[in-house]
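Report on the following structure.
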Amino acid sequence: MSPCLSFEDLNGASEAGFAALLDGVYEHSPWVAQGAAQARPFRSLAQLKLALADVVSQAGREAQLLLIRAHPELAGKAMAQQTLTAESSSEQERAGLGHCTPEELARIQSLNQAYNEKFGWPFILAVRGPRGIGLRRRDIIDTLARRLQAQPEQELAECLRQIHRIAELRLNDKFGVEPTLGQQVWDWAEELASHTDAEFRPLGQLTVTYLSEAHQTAMRRLQWWMAQECGFDEVNIDAVGNVVGVYHGSSPKAKRLLTGSHYDTVRNAGRYDGRLGIFTAMAAVRELHRAGRRLPFGIELVAFAEEEGQRYPATFLAASALTGQFDTAWLEQTDDQGISMRSAMQAAGLPGTLEAIQALRREPGQYLGFVEVHIEQGPVLNELNLPLGIVSSINGSLRYCGVIQGQAAHAGTTPMNRRRDAAAAVAELILYVEQRASATAASAGTVGTVGMLQVPAGSINVVPGRCQFSLDLRATSNAARDALDADVRQALADICQRRGLQHSLELTMSASAAPSDAAWQARWEQAVSGLGLPLHRMPSGAGHDAMKLHERMPQAMLFVRGGNEGISHNPLETVSSDDAQLAVQALQSLLEHMSKETAA
Ligand code: GLV
Ligand code: MN
Ligand code: MN
């Protein structure tokens, strides 16, 4: 085996020598490495990977197409004739493409042909996958079928990102580097995702709603990992189901840094939303524990039990308990089955009393602040080829449950001009929300969504007499959010008046926009720069536990790139073990800097 490549070799080589050392990283395309030689010296793999990706981004469409076409077809002729490069051959082999059944091979070949006809280039997929160990053949086929439906520009960009991922894995091999912390994070996420609510199990979907059986299993699993694998000094389940791990500082009385994210999920979710922020902190504490190190401050990791507002509309109930804002009325809310939150808590062995929940309130003076690592859940970092982003603020949001009451009537006999159709009114409202939020989207980041719509006991031949709906409104500032809110509520009133309908709207969540604390944001920036990466500051369109903690203490978040065009709240959500590794390293670096600051 040849010795591993080092930065010393790369930085010290001639331009031709540099390209030769990186031979094979970009398939049959030495120009990529040649183009990056100018950007030396390199001091981290993340920096080198980005410099290579930048060369491709700047090369123009013709060169990009040549790069894509330099790749062999998956399970294609070159594999059969054994003319693949050594790298491609080992990658395709690892993904088991050499052992396809005749049916699988036929399916891949017909998809490859349709793909080539549609796009004019071969399908590119990093078949070693986000963990680097090889995708399953079924996943490869499903991905090929899915991406065949994409628009050409979107697909070209995705092929280039897959090429960068292939290059990343080849570079890791050349450097003899394995992202072991990121792999651990990835493996924890994979295992936790095996617990899903009973009705979603047969569908193969991940759904973990507040205090379901799967939620309680996930809770205990997290508790076990924190206590047994990561070396937290104390790990408790609190009165709302949060898993709270404390790793003491040099003195158990020292102030603490609060961190964490949520482990509940939306329906048919991805594996990293929320959970990534728990696992990155677990990995960082595990490393401190293994090294027998104590920092001048304690680390309190909270795996929040609820952030998604799926079973009960009490969104952020877990973080609200810590900020002393748990609403008394929430305990009486009921789920779809009529089970109250109080009963659900008691069935899960939690006290289900307000006193126990109020006791969870944290004293801000005992904390340095709150930091949260989270998957970006959008396309921005992915498009920029950046693994990490700095959150500058979290958008403010409002959520409502609404009902429009009209009159149920015969679908065949009720004239169109005499109807009081509740669903048609909600449909009109949806279109208004879409148009109004779009109008100020560019200036104020406004978004509006009706994600739930139901005609209770509706029938095919009955004009809807009642329609229930949800409303989710967000913007970068409270002022813009409130202006959107006022307009939407006015539109609802106007629509109902014109159509002769009644309506009610119950506010179920209000979260203020949460700008990051300047000092904590600067600490994340220092950590990201330390990894050799440029800073990309961005607002968060998604809500996070940090926006609740924001009301009591300084907070700042770090975003991690999601693959598959950054899609989230979707099973396609994905994070590579390399990006997870960088997230853990950024957190470790933030802890180190904070130690120095605290000691000084
Ligand atoms: C949380 O996932 C949100 O809805 O932003
Ligand atoms: Mn979410
Ligand atoms: Mn989340």
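The way I read the labels, and the way they are meant: chains A, B, ... in the order of the structure tokens, residue 1 as the first residue of every chain, and ligand 1 as the first ligand shown, with later ones counted on from there.
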
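All residues of protein, DNA or RNA that reach within 9 Å of A:Leu192, judged by only C-alpha atoms and not counting those fewer than 4 positions away in the chain, are A:Asp187, A:Trp188, A:Thr196, A:Thr217, A:Ala218, A:Arg221, A:Leu222, A:Arg271, A:Arg275.
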
May I have the residues within 6 Å of A:Gly270 as a compact mmCIF listing (two decimals) with all heavy atoms, in the first residue's frame, using only C-alpha atoms and disregarding those fewer than 6 positions away in the same chain?
```
# COMPACT_ATOMS: atom_id res chain seq x y z
N HIS A 569 -37.77 17.33 6.15
CA HIS A 569 -39.14 16.90 6.44
C HIS A 569 -39.55 15.92 5.35
O HIS A 569 -40.66 15.96 4.82
CB HIS A 569 -40.12 18.09 6.54
CG HIS A 569 -39.99 18.85 7.83
ND1 HIS A 569 -40.81 19.89 8.19
CD2 HIS A 569 -39.13 18.68 8.87
CE1 HIS A 569 -40.45 20.34 9.39
NE2 HIS A 569 -39.43 19.63 9.81
N ASN A 570 -38.65 15.05 5.04
CA ASN A 570 -38.79 14.11 3.93
C ASN A 570 -37.75 13.01 4.15
O ASN A 570 -36.65 13.32 4.60
CB ASN A 570 -38.49 14.90 2.62
CG ASN A 570 -38.71 14.09 1.37
OD1 ASN A 570 -38.14 13.02 1.19
ND2 ASN A 570 -39.53 14.60 0.49
N PRO A 571 -38.09 11.76 3.85
CA PRO A 571 -37.10 10.69 4.08
C PRO A 571 -35.83 10.83 3.24
O PRO A 571 -34.83 10.18 3.54
CB PRO A 571 -37.86 9.41 3.73
CG PRO A 571 -39.12 9.83 3.06
CD PRO A 571 -39.39 11.25 3.40
N GLU A 573 -33.97 13.31 3.22
CA GLU A 573 -33.02 14.14 3.97
C GLU A 573 -31.74 13.31 4.23
O GLU A 573 -31.83 12.16 4.64
CB GLU A 573 -33.68 14.51 5.30
CG GLU A 573 -32.84 15.37 6.20
CD GLU A 573 -33.54 15.56 7.54
OE1 GLU A 573 -34.34 16.50 7.65
OE2 GLU A 573 -33.32 14.74 8.46
```

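The neighbours of A:Ala586 here are the residues that come within 7 Å of it, using only C-alpha atoms and leaving out any residue fewer than 4 positions away in the same chain; they are Ala527, Val528, Leu582 and Leu590 of chain A.
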
If you run DSSP on this backbone, which residues of stretch 237-303 of chain A come out as helix (DSSP H, G or I), and could you give them as a PDB file with all heavy atoms, in the first residue's frame?
```pdb
ATOM      1  N   ARG A 275     -32.016  15.547  15.494  1.00  0.00           N
ATOM      2  CA  ARG A 275     -31.153  14.524  16.085  1.00  0.00           C
ATOM      3  C   ARG A 275     -29.659  14.811  15.867  1.00  0.00           C
ATOM      4  O   ARG A 275     -28.832  14.476  16.712  1.00  0.00           O
ATOM      5  CB  ARG A 275     -31.544  13.172  15.514  1.00  0.00           C
ATOM      6  CG  ARG A 275     -32.969  12.833  15.955  1.00  0.00           C
ATOM      7  CD  ARG A 275     -33.639  11.806  15.131  1.00  0.00           C
ATOM      8  NE  ARG A 275     -34.906  11.425  15.768  1.00  0.00           N
ATOM      9  CZ  ARG A 275     -35.413  10.205  15.742  1.00  0.00           C
ATOM     10  NH1 ARG A 275     -34.777   9.245  15.102  1.00  0.00           N
ATOM     11  NH2 ARG A 275     -36.560   9.946  16.342  1.00  0.00           N
ATOM     12  N   LEU A 276     -29.343  15.409  14.723  1.00  0.00           N
ATOM     13  CA  LEU A 276     -27.932  15.708  14.434  1.00  0.00           C
ATOM     14  C   LEU A 276     -27.321  16.556  15.549  1.00  0.00           C
ATOM     15  O   LEU A 276     -26.164  16.351  15.939  1.00  0.00           O
ATOM     16  CB  LEU A 276     -27.850  16.446  13.091  1.00  0.00           C
ATOM     17  CG  LEU A 276     -26.455  16.762  12.572  1.00  0.00           C
ATOM     18  CD1 LEU A 276     -25.696  15.484  12.254  1.00  0.00           C
ATOM     19  CD2 LEU A 276     -26.536  17.628  11.311  1.00  0.00           C
ATOM     20  N   GLY A 277     -28.111  17.501  16.080  1.00  0.00           N
ATOM     21  CA  GLY A 277     -27.606  18.393  17.134  1.00  0.00           C
ATOM     22  C   GLY A 277     -27.418  17.679  18.464  1.00  0.00           C
ATOM     23  O   GLY A 277     -26.659  18.146  19.318  1.00  0.00           O
ATOM     24  N   ILE A 278     -28.119  16.582  18.648  1.00  0.00           N
ATOM     25  CA  ILE A 278     -27.931  15.776  19.868  1.00  0.00           C
ATOM     26  C   ILE A 278     -26.654  14.948  19.708  1.00  0.00           C
ATOM     27  O   ILE A 278     -25.790  14.919  20.587  1.00  0.00           O
ATOM     28  CB  ILE A 278     -29.142  14.834  20.081  1.00  0.00           C
ATOM     29  CG1 ILE A 278     -30.435  15.642  20.177  1.00  0.00           C
ATOM     30  CG2 ILE A 278     -28.927  13.962  21.313  1.00  0.00           C
ATOM     31  CD1 ILE A 278     -31.712  14.785  20.150  1.00  0.00           C
ATOM     32  N   PHE A 279     -26.534  14.308  18.543  1.00  0.00           N
ATOM     33  CA  PHE A 279     -25.407  13.392  18.346  1.00  0.00           C
ATOM     34  C   PHE A 279     -24.057  14.114  18.256  1.00  0.00           C
ATOM     35  O   PHE A 279     -23.047  13.583  18.708  1.00  0.00           O
ATOM     36  CB  PHE A 279     -25.641  12.540  17.093  1.00  0.00           C
ATOM     37  CG  PHE A 279     -26.845  11.654  17.186  1.00  0.00           C
ATOM     38  CD1 PHE A 279     -27.711  11.485  16.116  1.00  0.00           C
ATOM     39  CD2 PHE A 279     -27.129  10.974  18.369  1.00  0.00           C
ATOM     40  CE1 PHE A 279     -28.820  10.664  16.212  1.00  0.00           C
ATOM     41  CE2 PHE A 279     -28.238  10.146  18.474  1.00  0.00           C
ATOM     42  CZ  PHE A 279     -29.090  10.002  17.386  1.00  0.00           C
ATOM     43  N   THR A 280     -24.040  15.298  17.643  1.00  0.00           N
ATOM     44  CA  THR A 280     -22.751  16.012  17.560  1.00  0.00           C
ATOM     45  C   THR A 280     -22.265  16.338  18.978  1.00  0.00           C
ATOM     46  O   THR A 280     -21.081  16.187  19.283  1.00  0.00           O
ATOM     47  CB  THR A 280     -22.849  17.298  16.717  1.00  0.00           C
ATOM     48  OG1 THR A 280     -24.032  18.004  17.077  1.00  0.00           O
ATOM     49  CG2 THR A 280     -22.891  17.026  15.249  1.00  0.00           C
ATOM     50  N   ALA A 281     -23.198  16.751  19.844  1.00  0.00           N
ATOM     51  CA  ALA A 281     -22.792  17.069  21.220  1.00  0.00           C
ATOM     52  C   ALA A 281     -22.396  15.796  21.973  1.00  0.00           C
ATOM     53  O   ALA A 281     -21.444  15.801  22.763  1.00  0.00           O
ATOM     54  CB  ALA A 281     -23.925  17.797  21.937  1.00  0.00           C
ATOM     55  N   MET A 282     -23.108  14.693  21.719  1.00  0.00           N
ATOM     56  CA  MET A 282     -22.724  13.429  22.367  1.00  0.00           C
ATOM     57  C   MET A 282     -21.297  13.039  21.963  1.00  0.00           C
ATOM     58  O   MET A 282     -20.498  12.604  22.802  1.00  0.00           O
ATOM     59  CB  MET A 282     -23.696  12.303  21.961  1.00  0.00           C
ATOM     60  CG  MET A 282     -24.953  12.262  22.811  1.00  0.00           C
ATOM     61  SD  MET A 282     -26.297  11.216  22.145  1.00  0.00           S
ATOM     62  CE  MET A 282     -25.471   9.729  21.641  1.00  0.00           C
ATOM     63  N   ALA A 283     -20.993  13.200  20.671  1.00  0.00           N
ATOM     64  CA  ALA A 283     -19.653  12.821  20.189  1.00  0.00           C
ATOM     65  C   ALA A 283     -18.587  13.705  20.838  1.00  0.00           C
ATOM     66  O   ALA A 283     -17.522  13.217  21.241  1.00  0.00           O
ATOM     67  CB  ALA A 283     -19.597  12.934  18.666  1.00  0.00           C
ATOM     68  N   ALA A 284     -18.880  15.001  20.952  1.00  0.00           N
ATOM     69  CA  ALA A 284     -17.881  15.912  21.534  1.00  0.00           C
ATOM     70  C   ALA A 284     -17.644  15.570  23.001  1.00  0.00           C
ATOM     71  O   ALA A 284     -16.496  15.536  23.477  1.00  0.00           O
ATOM     72  CB  ALA A 284     -18.345  17.356  21.377  1.00  0.00           C
ATOM     73  N   VAL A 285     -18.706  15.276  23.730  1.00  0.00           N
ATOM     74  CA  VAL A 285     -18.543  14.929  25.157  1.00  0.00           C
ATOM     75  C   VAL A 285     -17.828  13.585  25.284  1.00  0.00           C
ATOM     76  O   VAL A 285     -16.954  13.415  26.142  1.00  0.00           O
ATOM     77  CB  VAL A 285     -19.915  14.920  25.875  1.00  0.00           C
ATOM     78  CG1 VAL A 285     -19.808  14.270  27.250  1.00  0.00           C
ATOM     79  CG2 VAL A 285     -20.446  16.345  26.007  1.00  0.00           C
ATOM     80  N   ARG A 286     -18.173  12.659  24.428  1.00  0.00           N
ATOM     81  CA  ARG A 286     -17.502  11.354  24.492  1.00  0.00           C
ATOM     82  C   ARG A 286     -15.979  11.511  24.347  1.00  0.00           C
ATOM     83  O   ARG A 286     -15.201  10.858  25.049  1.00  0.00           O
ATOM     84  CB  ARG A 286     -18.048  10.424  23.399  1.00  0.00           C
ATOM     85  CG  ARG A 286     -17.668   8.976  23.609  1.00  0.00           C
ATOM     86  CD  ARG A 286     -17.974   8.135  22.390  1.00  0.00           C
ATOM     87  NE  ARG A 286     -17.128   8.522  21.257  1.00  0.00           N
ATOM     88  CZ  ARG A 286     -17.051   7.848  20.119  1.00  0.00           C
ATOM     89  NH1 ARG A 286     -17.774   6.766  19.949  1.00  0.00           N
ATOM     90  NH2 ARG A 286     -16.262   8.267  19.140  1.00  0.00           N
ATOM     91  N   GLU A 287     -15.582  12.384  23.433  1.00  0.00           N
ATOM     92  CA  GLU A 287     -14.137  12.595  23.240  1.00  0.00           C
ATOM     93  C   GLU A 287     -13.500  13.234  24.481  1.00  0.00           C
ATOM     94  O   GLU A 287     -12.386  12.873  24.856  1.00  0.00           O
ATOM     95  CB  GLU A 287     -13.883  13.465  21.999  1.00  0.00           C
ATOM     96  CG  GLU A 287     -14.251  12.782  20.700  1.00  0.00           C
ATOM     97  CD  GLU A 287     -13.680  11.374  20.592  1.00  0.00           C
ATOM     98  OE1 GLU A 287     -12.445  11.237  20.479  1.00  0.00           O
ATOM     99  OE2 GLU A 287     -14.464  10.390  20.630  1.00  0.00           O
ATOM    100  N   LEU A 288     -14.192  14.184  25.104  1.00  0.00           N
ATOM    101  CA  LEU A 288     -13.657  14.790  26.332  1.00  0.00           C
ATOM    102  C   LEU A 288     -13.511  13.725  27.410  1.00  0.00           C
ATOM    103  O   LEU A 288     -12.491  13.636  28.103  1.00  0.00           O
ATOM    104  CB  LEU A 288     -14.603  15.892  26.843  1.00  0.00           C
ATOM    105  CG  LEU A 288     -14.635  17.195  26.054  1.00  0.00           C
ATOM    106  CD1 LEU A 288     -15.750  18.103  26.571  1.00  0.00           C
ATOM    107  CD2 LEU A 288     -13.284  17.916  26.143  1.00  0.00           C
ATOM    108  N   HIS A 289     -14.546  12.913  27.532  1.00  0.00           N
ATOM    109  CA  HIS A 289     -14.540  11.865  28.560  1.00  0.00           C
ATOM    110  C   HIS A 289     -13.410  10.868  28.304  1.00  0.00           C
ATOM    111  O   HIS A 289     -12.678  10.485  29.222  1.00  0.00           O
ATOM    112  CB  HIS A 289     -15.899  11.171  28.560  1.00  0.00           C
ATOM    113  CG  HIS A 289     -15.955   9.962  29.421  1.00  0.00           C
ATOM    114  ND1 HIS A 289     -15.888  10.021  30.799  1.00  0.00           N
ATOM    115  CD2 HIS A 289     -16.037   8.638  29.114  1.00  0.00           C
ATOM    116  CE1 HIS A 289     -15.938   8.795  31.292  1.00  0.00           C
ATOM    117  NE2 HIS A 289     -16.023   7.945  30.297  1.00  0.00           N
ATOM    118  N   ARG A 290     -13.255  10.486  27.046  1.00  0.00           N
ATOM    119  CA  ARG A 290     -12.189   9.513  26.718  1.00  0.00           C
ATOM    120  C   ARG A 290     -10.821  10.076  27.048  1.00  0.00           C
ATOM    121  O   ARG A 290      -9.911   9.356  27.420  1.00  0.00           O
ATOM    122  CB  ARG A 290     -12.251   9.145  25.237  1.00  0.00           C
ATOM    123  CG  ARG A 290     -13.380   8.192  24.953  1.00  0.00           C
ATOM    124  CD  ARG A 290     -13.335   7.725  23.516  1.00  0.00           C
ATOM    125  NE  ARG A 290     -14.292   6.655  23.301  1.00  0.00           N
ATOM    126  CZ  ARG A 290     -14.572   6.130  22.118  1.00  0.00           C
ATOM    127  NH1 ARG A 290     -13.973   6.581  21.041  1.00  0.00           N
ATOM    128  NH2 ARG A 290     -15.453   5.154  22.016  1.00  0.00           N
TER     129      ARG A 290
END
```

Kindly provide, as an mmCIF file with N, CA, C and O atoms, in the first residue's frame, all nucleotide and amino acid residues lying within 7 Å of ligand 2, counting only C-alpha atoms and all ligand atoms.
```
data_model
loop_
_atom_site.group_PDB
_atom_site.id
_atom_site.type_symbol
_atom_site.label_atom_id
_atom_site.label_comp_id
_atom_site.auth_asym_id
_atom_site.auth_seq_id
_atom_site.Cartn_x
_atom_site.Cartn_y
_atom_site.Cartn_z
ATOM 1 N N THR A 265 -40.056 13.766 15.606
ATOM 2 C CA THR A 265 -39.959 14.005 14.162
ATOM 3 C C THR A 265 -41.330 14.384 13.586
ATOM 4 O O THR A 265 -42.354 14.169 14.228
ATOM 5 N N VAL A 266 -41.307 14.902 12.372
ATOM 6 C CA VAL A 266 -42.568 15.056 11.634
ATOM 7 C C VAL A 266 -42.972 13.673 11.098
ATOM 8 O O VAL A 266 -42.237 12.700 11.272
ATOM 9 N N ASP A 273 -32.999 15.781 11.176
ATOM 10 C CA ASP A 273 -33.656 16.991 11.680
ATOM 11 C C ASP A 273 -33.740 16.870 13.200
ATOM 12 O O ASP A 273 -34.421 15.982 13.713
ATOM 13 N N GLY A 274 -33.048 17.760 13.907
ATOM 14 C CA GLY A 274 -33.036 17.713 15.363
ATOM 15 C C GLY A 274 -31.963 16.788 15.898
ATOM 16 O O GLY A 274 -31.043 17.203 16.607
ATOM 17 N N GLU A 308 -41.782 19.540 17.094
ATOM 18 C CA GLU A 308 -42.448 19.545 15.789
ATOM 19 C C GLU A 308 -43.952 19.816 15.835
ATOM 20 O O GLU A 308 -44.572 19.998 14.784
ATOM 21 N N HIS A 569 -37.772 17.334 6.152
ATOM 22 C CA HIS A 569 -39.140 16.904 6.444
ATOM 23 C C HIS A 569 -39.555 15.920 5.352
ATOM 24 O O HIS A 569 -40.664 15.957 4.822
#
```

For ligand 3, return the neighbouring residues as a PDB file with N, CA and C atoms, in the first residue's frame (distance at most 7 Å; only C-alpha atoms and all ligand atoms).
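Written file, selection-v6.pdb:
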```pdb
ATOM      1  N   HIS A 262     -33.890  18.493  19.095  1.00  0.00           N
ATOM      2  CA  HIS A 262     -35.027  17.627  19.397  1.00  0.00           C
ATOM      3  C   HIS A 262     -34.905  16.234  18.789  1.00  0.00           C
ATOM      4  N   ASP A 273     -32.999  15.781  11.176  1.00  0.00           N
ATOM      5  CA  ASP A 273     -33.656  16.991  11.680  1.00  0.00           C
ATOM      6  C   ASP A 273     -33.740  16.870  13.200  1.00  0.00           C
ATOM      7  N   GLY A 274     -33.048  17.760  13.907  1.00  0.00           N
ATOM      8  CA  GLY A 274     -33.036  17.713  15.363  1.00  0.00           C
ATOM      9  C   GLY A 274     -31.963  16.788  15.898  1.00  0.00           C
ATOM     10  N   GLU A 307     -40.551  19.239  19.420  1.00  0.00           N
ATOM     11  CA  GLU A 307     -40.316  20.512  18.747  1.00  0.00           C
ATOM     12  C   GLU A 307     -41.229  20.657  17.548  1.00  0.00           C
ATOM     13  N   HIS A 374     -27.628  22.040  13.707  1.00  0.00           N
ATOM     14  CA  HIS A 374     -28.842  21.534  13.050  1.00  0.00           C
ATOM     15  C   HIS A 374     -28.571  21.375  11.555  1.00  0.00           C
ATOM     16  N   GLY A 543     -37.938  26.694  12.149  1.00  0.00           N
ATOM     17  CA  GLY A 543     -37.937  27.002  13.577  1.00  0.00           C
ATOM     18  C   GLY A 543     -37.037  26.019  14.312  1.00  0.00           C
ATOM     19  N   HIS A 544     -36.533  26.423  15.456  1.00  0.00           N
ATOM     20  CA  HIS A 544     -35.626  25.563  16.221  1.00  0.00           C
ATOM     21  C   HIS A 544     -35.805  25.780  17.717  1.00  0.00           C
TER      22      HIS A 544
END
```

Residues within 10 Å of stretch 248-251 of chain A, only C-alpha atoms, excluding chain neighbours under 2 positions, as a ChimeraX atom specification: /A:232-234,245-246,253-257,293-300,595

Identify, with DSSP run on backbone atoms, the residues in stretch 353-463 of chain A assigned to strand (DSSP E), and express the list as a ChimeraX atom specification. /A:367-375,388-394,396-405,409-410,447-449,453-454,462-463

Spatial neighbours of A:Gln109, 12 Å, only C-alpha atoms, chain gap at least 2 places, as number ranges by chain: A: 73-77, 97, 100, 102-107, 111-116, 122-123, 141, 144-145

List as a PyMOL selection string the protein and nucleic acid residues near A:Val488, meaning an atom at most 9 Å away when only C-alpha atoms are counted, but skip any in the same chain fewer than 6 places from it. chain A and resi 429+432-433+436

Determine the nearest neighbour of ligand 1 from the options A:Tyr247, A:Phe7, A:Phe316, A:Trp186, counting only C-alpha atoms and all ligand atoms.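 Going through A:Tyr247, A:Phe7, A:Phe316, A:Trp186 one by one, the smallest distance to ligand 1 is for A:Phe316.
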
Pick out the residues sitting within 7 Å of A:Tyr26, and hand them over as a VMD selection string; count only C-alpha atoms, and ignore anything fewer than 4 positions along from it in its own chain. chain A and resid 30 32 167

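Between A:Asn268 and the residues A:Glu213, A:Glu27, A:Glu199, A:Asp139, the shortest atom-to-atom distance, using only C-alpha atoms, involves A:Glu199.
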
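Picture a line from atom CA of A:Phe469 to atom CA of A:Gln454; it runs 6.4 Å.
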